[in-house]
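Contents: one structure, followed by commentary.
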Amino acid sequence: MLAATVRTTRDLDAAEEAVQDAYVQALTAWARDGVPDRPGAWLTTVARRIALNALRRRRALQARLPLLVEGESDELPDRDAIPDDRLRLIFTCCHPALAPEAQVALTLRLVCGVTTADIAKAFLVAEATMAARLTRAKKKIATARIPYAVPSPDELPARVDAVLTVIHLLYATGHTAPSGTDLVREELTGRALDLARMLRALLPDDGEVVGLLALLLAQHARRATRMDGQGRLVRLEDQDRSRWDRELIAEADRLVVGVLRAGPPGRFTLQAAIAALHAQARDYTETDWPQILTLYDELLRIWPSPVVALNRAVAVSMVDGPQAALAEVESLERGGRLAGYHYLPATKADLLHRLGRDEEAVEQYEAALALSGNAAEREFLTERIRSAGH
């Protein structure tokens, strides 16, 4: 709806307002007349009509809530450059005049509908901090009257990395929901996978575009086994690998191999290679941990992220033992960049448990529990506390 409406307004705030007004009208009209046969079409039609009416008040509207400032030309955006409404809107929002983090955060919030709280968790900052950053980004667009327009084909490469990050974080938010009762938000993972496929069709020769698609495919292949029948989280080592989607795994593997043969891999391709190795192992004990550690070493070299370092520590524990990994996790802990990230104490707790230091492990599991906002993860951590406590 938003993508269709913004094509009428070429103003994202105006389109958002029109869509919200359409929902309000639906509450009254549908209660009175019943839900229409095609509710999505009804909402989109009403939203676009509201937007057209609002165009008559464009100057007043832009004074109140400016976000997208149309250019001097009255020509409609080139639909051939990016044929899909949603993907076109993401490219449009990833404007190079904004800082990369602001591009990604603003797009996740306005286009993908991810909450400010969940975006804050993805960026490892407080919700208030992220809210302030989003506000500053909007103000910069409005004050500088930055023209937002669908980029031409030659402008796409400069925006690809931000678009890839948006799609990846959208999938990650759905793969393990930062908050709520369900572990997975399938509407987000499905949308992200669709966007990744469309992006590959648009830019088939971009290695990182292919790498991102491979990464999502390898992760999506085991979606059916990440929870048991009661909705409880199942660890990777305990999942029934016979239920993994072998077609998706094979597709991911072909994509990864092709990119690796083409040249030096980027961060999404390296992550895809790691995910593919996990997916190809017939049993958890057969996982090629030395190769995974090598890939993490390269990933950390080109992308020195503390989250990557934490994930690498898990591989270190499987190659060099939990004591070696614990030293690396404690170094990350002292660095403070992962403060508030519940996977840090959870990982430390697992290492302590493997070392037989169960009393310390319980403390760390409790710290992770206090930081987690997802009900399924909280239940899992509570069970780990009981297990380590015994």
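Identifiers in this document derive from the order of the structure tokens: chains are assigned A, B, ..., residues are numbered from 1 separately in each chain, and ligands are numbered from 1 in order of occurrence.
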
Self-check item: Close residues, His95 of chain A itself excluded, 10 Å, only C-alpha atoms, min 6 positions apart in chain, as a list of chain:residue names
Solution: A:Ala102, A:Gln103, A:Val104, A:Thr107, A:Ile141, A:Ile146, A:Pro147, A:Tyr148, A:Ala149, A:Val150, A:Pro151, A:Ala158, A:Arg159, A:Ala162

Grab the residues selected above and save them as a short mmCIF file (atom, residue, chain, number, x, y, z; two decimals), in the first residue's frame with all heavy atoms.
data_model
loop_
_atom_site.label_atom_id
_atom_site.label_comp_id
_atom_site.auth_asym_id
_atom_site.auth_seq_id
_atom_site.Cartn_x
_atom_site.Cartn_y
_atom_site.Cartn_z
N ALA A 102 21.97 5.91 9.15
CA ALA A 102 20.68 6.60 9.08
C ALA A 102 19.86 6.12 7.90
O ALA A 102 18.64 5.96 7.99
CB ALA A 102 20.91 8.11 8.98
N GLN A 103 20.51 5.85 6.77
CA GLN A 103 19.81 5.30 5.61
C GLN A 103 19.11 4.00 5.98
O GLN A 103 17.92 3.80 5.70
CB GLN A 103 20.80 5.01 4.47
CG GLN A 103 21.47 6.21 3.85
CD GLN A 103 22.48 5.77 2.81
OE1 GLN A 103 22.27 4.81 2.08
NE2 GLN A 103 23.61 6.47 2.75
N VAL A 104 19.86 3.12 6.61
CA VAL A 104 19.33 1.78 6.93
C VAL A 104 18.21 1.88 7.97
O VAL A 104 17.14 1.29 7.81
CB VAL A 104 20.47 0.87 7.43
CG1 VAL A 104 19.90 -0.46 7.94
CG2 VAL A 104 21.48 0.63 6.31
N THR A 107 14.99 3.50 6.56
CA THR A 107 14.30 2.61 5.63
C THR A 107 13.61 1.47 6.37
O THR A 107 12.47 1.11 6.04
CB THR A 107 15.30 2.04 4.60
OG1 THR A 107 16.01 3.11 3.99
CG2 THR A 107 14.59 1.24 3.54
N ILE A 141 16.73 15.80 6.10
CA ILE A 141 16.09 15.73 4.79
C ILE A 141 15.22 16.96 4.56
O ILE A 141 15.24 17.58 3.50
CB ILE A 141 15.24 14.44 4.67
CG1 ILE A 141 16.17 13.21 4.65
CG2 ILE A 141 14.38 14.47 3.42
CD1 ILE A 141 15.44 11.91 4.82
N ILE A 146 16.61 17.73 0.69
CA ILE A 146 17.30 16.72 -0.11
C ILE A 146 16.30 16.08 -1.06
O ILE A 146 15.27 15.56 -0.64
CB ILE A 146 17.91 15.62 0.81
CG1 ILE A 146 19.00 16.23 1.70
CG2 ILE A 146 18.47 14.48 -0.01
CD1 ILE A 146 19.48 15.30 2.79
N PRO A 147 16.56 16.12 -2.35
CA PRO A 147 15.60 15.54 -3.29
C PRO A 147 15.64 14.02 -3.25
O PRO A 147 16.70 13.42 -3.40
CB PRO A 147 16.08 16.07 -4.65
CG PRO A 147 17.52 16.33 -4.46
CD PRO A 147 17.70 16.75 -3.03
N TYR A 148 14.50 13.44 -3.01
CA TYR A 148 14.38 11.98 -3.01
C TYR A 148 13.73 11.58 -4.33
O TYR A 148 12.60 11.97 -4.61
CB TYR A 148 13.50 11.53 -1.85
CG TYR A 148 14.26 10.98 -0.68
CD1 TYR A 148 15.46 11.54 -0.28
CD2 TYR A 148 13.78 9.89 0.03
CE1 TYR A 148 16.15 11.06 0.80
CE2 TYR A 148 14.45 9.40 1.13
CZ TYR A 148 15.65 9.98 1.51
OH TYR A 148 16.31 9.49 2.59
N ALA A 149 14.43 10.81 -5.12
CA ALA A 149 13.88 10.33 -6.38
C ALA A 149 14.40 8.93 -6.63
O ALA A 149 15.46 8.54 -6.10
CB ALA A 149 14.29 11.25 -7.52
N VAL A 150 13.66 8.16 -7.41
CA VAL A 150 14.12 6.82 -7.74
C VAL A 150 15.46 6.93 -8.46
O VAL A 150 15.57 7.65 -9.45
CB VAL A 150 13.10 6.10 -8.65
CG1 VAL A 150 13.61 4.72 -9.04
CG2 VAL A 150 11.76 5.99 -7.94
N PRO A 151 16.50 6.25 -7.97
CA PRO A 151 17.81 6.39 -8.60
C PRO A 151 17.84 5.78 -10.00
O PRO A 151 17.14 4.79 -10.27
CB PRO A 151 18.74 5.63 -7.65
CG PRO A 151 17.85 4.67 -6.94
CD PRO A 151 16.53 5.36 -6.81
N ALA A 158 25.99 2.77 -5.81
CA ALA A 158 26.33 3.54 -4.62
C ALA A 158 25.38 3.27 -3.47
O ALA A 158 25.70 3.57 -2.31
CB ALA A 158 26.34 5.04 -4.94
N ARG A 159 24.22 2.69 -3.77
CA ARG A 159 23.21 2.45 -2.73
C ARG A 159 23.08 0.98 -2.38
O ARG A 159 22.33 0.63 -1.45
CB ARG A 159 21.86 2.99 -3.19
CG ARG A 159 21.89 4.46 -3.58
CD ARG A 159 20.50 5.03 -3.76
NE ARG A 159 20.54 6.41 -4.25
CZ ARG A 159 19.54 7.27 -4.15
NH1 ARG A 159 18.41 6.89 -3.59
NH2 ARG A 159 19.66 8.49 -4.62
N ALA A 162 23.82 -0.34 1.38
CA ALA A 162 22.77 0.01 2.34
C ALA A 162 21.51 -0.82 2.10
O ALA A 162 20.87 -1.28 3.06
CB ALA A 162 22.44 1.49 2.23
#

Self-check item: Neighbour list for Gln323 of chain A as a list in words, cut-off 10 Å, only C-alpha atoms, skip fewer than 4 positions in-chain
Solution: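 Listed by chain and then number, they are Val316, Ser317, Ala327, Glu328, Val329, Leu351, Leu352, Arg354 and Leu355 of chain A.
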
Quiz item: Quick one: residues within 12 Å of Pro157 of chain A, only C-alpha atoms counted, chain neighbours fewer than 2 positions away excluded, as an MDAnalysis selection string?
Solution: chainID A and resid 91 94:96 151:155 159:164 199 202:203 205:209

Quiz item: Leu193 of chain A: which residues within 10 Å, counting only C-alpha atoms, same-chain residues fewer than 3 positions away excluded, as JSON, numbers by chain?
Solution: {"A": [167, 168, 170, 171, 188, 189, 190, 196, 197, 198, 199, 212, 213, 214, 215, 216, 217, 220]}

Quiz item: Between A:Val184, A:Cys93, A:Ala361, A:Leu369, which is the closest to Gly389 of chain A once you count only C-alpha atoms?
Solution: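 Smallest separation from Gly389 of chain A among the options: A:Ala361.
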
Quiz item: A:Val111, A:Val314, A:Ala388, A:Ala218: which is nearest Ala276 of chain A, counting only C-alpha atoms?
Solution: A:Ala218

Quiz prompt | Distance criterion (only C-alpha atoms): nearest to Ala4 of chain A out of A:His278, A:Arg49, A:Arg32, A:Arg133 | solution =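 Distance minimum relative to Ala4 of chain A lands on A:Arg49.
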
At a cut-off of 8 Å, using only C-alpha atoms, what residues contact Ile50 of chain A? Leave out same-chain residues fewer than 3 positions from it and give the result as a PDB file with N, CA and C atoms, in the first residue's frame.
ATOM      1  N   ALA A  18      -1.604   9.116   4.257  1.00  0.00           N
ATOM      2  CA  ALA A  18      -2.747   8.664   3.466  1.00  0.00           C
ATOM      3  C   ALA A  18      -3.095   7.215   3.782  1.00  0.00           C
ATOM      4  N   ASP A  21      -4.790   7.064   7.139  1.00  0.00           N
ATOM      5  CA  ASP A  21      -6.173   7.542   7.021  1.00  0.00           C
ATOM      6  C   ASP A  21      -7.068   6.487   6.375  1.00  0.00           C
ATOM      7  N   ALA A  22      -6.508   5.735   5.429  1.00  0.00           N
ATOM      8  CA  ALA A  22      -7.292   4.666   4.795  1.00  0.00           C
ATOM      9  C   ALA A  22      -7.676   3.596   5.817  1.00  0.00           C
ATOM     10  N   VAL A  46      -8.382   3.700  -1.614  1.00  0.00           N
ATOM     11  CA  VAL A  46      -8.734   4.798  -0.714  1.00  0.00           C
ATOM     12  C   VAL A  46      -7.499   5.611  -0.358  1.00  0.00           C
ATOM     13  N   ALA A  47      -6.402   4.932  -0.087  1.00  0.00           N
ATOM     14  CA  ALA A  47      -5.169   5.640   0.275  1.00  0.00           C
ATOM     15  C   ALA A  47      -4.708   6.550  -0.863  1.00  0.00           C
ATOM     16  N   ASN A  53      -6.046  13.955  -2.984  1.00  0.00           N
ATOM     17  CA  ASN A  53      -6.655  15.136  -2.351  1.00  0.00           C
ATOM     18  C   ASN A  53      -5.607  15.937  -1.592  1.00  0.00           C
ATOM     19  N   ALA A  54      -4.695  15.230  -0.975  1.00  0.00           N
ATOM     20  CA  ALA A  54      -3.663  15.913  -0.194  1.00  0.00           C
ATOM     21  C   ALA A  54      -2.698  16.690  -1.079  1.00  0.00           C
TER      22      ALA A  54
END

Practice problem: Tell me, as a VMD selection string, which residues lie within 8 Å of segment 336-340 of chain A, counting only C-alpha atoms; anything in the same chain fewer than 6 positions away does not count. | Solution: chain A and resid 124 306 to 307 371

Quiz item: Which residues come within 12 Å of Gln20 of chain A, counting only C-alpha atoms, excluding same-chain residues fewer than 3 positions away, as a list of chain:residue names?
Solution: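 So, after excluding close chain neighbours, the residues are A:Met1, A:Leu2, A:Thr5, A:Asp13, A:Ala14, A:Ala15, A:Glu16, A:Glu17, A:Tyr23, A:Val24, A:Gln25, A:Ala26, A:Leu27, A:Leu43, A:Thr44, A:Val46, A:Ala47, A:Arg48, A:Ile50, A:Ala51.
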
Write out the residues from the selection above, keeping N, CA and C atoms, as an mmCIF file, in the first residue's frame.
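What ended up in part32.cif:
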data_model
loop_
_atom_site.group_PDB
_atom_site.id
_atom_site.type_symbol
_atom_site.label_atom_id
_atom_site.label_comp_id
_atom_site.auth_asym_id
_atom_site.auth_seq_id
_atom_site.Cartn_x
_atom_site.Cartn_y
_atom_site.Cartn_z
ATOM 1 N N MET A 1 0.829 -1.208 0.000
ATOM 2 C CA MET A 1 0.000 0.000 0.000
ATOM 3 C C MET A 1 0.861 1.254 0.000
ATOM 4 N N LEU A 2 1.874 1.259 0.872
ATOM 5 C CA LEU A 2 2.729 2.445 0.960
ATOM 6 C C LEU A 2 3.475 2.658 -0.350
ATOM 7 N N THR A 5 1.111 4.012 -2.969
ATOM 8 C CA THR A 5 0.674 5.379 -2.687
ATOM 9 C C THR A 5 1.790 6.383 -2.903
ATOM 10 N N ASP A 13 6.246 10.802 3.685
ATOM 11 C CA ASP A 13 5.401 11.153 4.835
ATOM 12 C C ASP A 13 3.949 11.319 4.410
ATOM 13 N N ALA A 14 3.722 11.975 3.269
ATOM 14 C CA ALA A 14 2.358 12.154 2.783
ATOM 15 C C ALA A 14 1.712 10.812 2.483
ATOM 16 N N ALA A 15 2.478 9.894 1.902
ATOM 17 C CA ALA A 15 1.953 8.560 1.601
ATOM 18 C C ALA A 15 1.621 7.814 2.886
ATOM 19 N N GLU A 16 2.518 7.900 3.876
ATOM 20 C CA GLU A 16 2.246 7.248 5.167
ATOM 21 C C GLU A 16 0.955 7.768 5.780
ATOM 22 N N GLU A 17 0.771 9.066 5.746
ATOM 23 C CA GLU A 17 -0.427 9.664 6.326
ATOM 24 C C GLU A 17 -1.677 9.198 5.583
ATOM 25 N N TYR A 23 -6.743 3.271 6.717
ATOM 26 C CA TYR A 23 -7.064 2.306 7.783
ATOM 27 C C TYR A 23 -8.199 2.834 8.668
ATOM 28 N N VAL A 24 -8.121 4.101 8.988
ATOM 29 C CA VAL A 24 -9.163 4.703 9.834
ATOM 30 C C VAL A 24 -10.521 4.612 9.136
ATOM 31 N N GLN A 25 -10.564 4.920 7.848
ATOM 32 C CA GLN A 25 -11.822 4.828 7.104
ATOM 33 C C GLN A 25 -12.330 3.391 7.061
ATOM 34 N N ALA A 26 -11.401 2.429 6.947
ATOM 35 C CA ALA A 26 -11.804 1.022 6.899
ATOM 36 C C ALA A 26 -12.483 0.586 8.191
ATOM 37 N N LEU A 27 -12.016 1.090 9.323
ATOM 38 C CA LEU A 27 -12.615 0.717 10.603
ATOM 39 C C LEU A 27 -14.108 1.044 10.626
ATOM 40 N N LEU A 43 -8.181 -0.762 0.344
ATOM 41 C CA LEU A 43 -7.329 0.129 1.133
ATOM 42 C C LEU A 43 -6.403 0.947 0.238
ATOM 43 N N THR A 44 -5.826 0.293 -0.774
ATOM 44 C CA THR A 44 -4.904 1.000 -1.659
ATOM 45 C C THR A 44 -5.620 2.088 -2.450
ATOM 46 N N VAL A 46 -8.382 3.700 -1.614
ATOM 47 C CA VAL A 46 -8.734 4.798 -0.714
ATOM 48 C C VAL A 46 -7.499 5.611 -0.358
ATOM 49 N N ALA A 47 -6.402 4.932 -0.087
ATOM 50 C CA ALA A 47 -5.169 5.640 0.275
ATOM 51 C C ALA A 47 -4.708 6.550 -0.863
ATOM 52 N N ARG A 48 -4.785 6.064 -2.091
ATOM 53 C CA ARG A 48 -4.347 6.885 -3.225
ATOM 54 C C ARG A 48 -5.300 8.062 -3.458
ATOM 55 N N ILE A 50 -7.006 9.591 -1.085
ATOM 56 C CA ILE A 50 -6.666 10.536 -0.026
ATOM 57 C C ILE A 50 -5.392 11.289 -0.393
ATOM 58 N N ALA A 51 -4.429 10.559 -0.955
ATOM 59 C CA ALA A 51 -3.163 11.189 -1.329
ATOM 60 C C ALA A 51 -3.365 12.227 -2.424
#

Self-check item: d(atom CA of Val308 of chain A, atom CA of Pro290 of chain A) in Å
Solution: 16.1 Å

Quiz item: Hey, which of A:Ala144, A:Ile385, A:Ala324, A:Ala281 ends up closest to Ala349 of chain A? Count only C-alpha atoms.
Solution: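 Smallest distance to Ala349 of chain A is found for A:Ile385.
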
Exercise. Could you tell me how far atom CA of Gly266 of chain A lies from atom CA of Ala105 of chain A, in Å and to one decimal?
Key: 21.7 Å
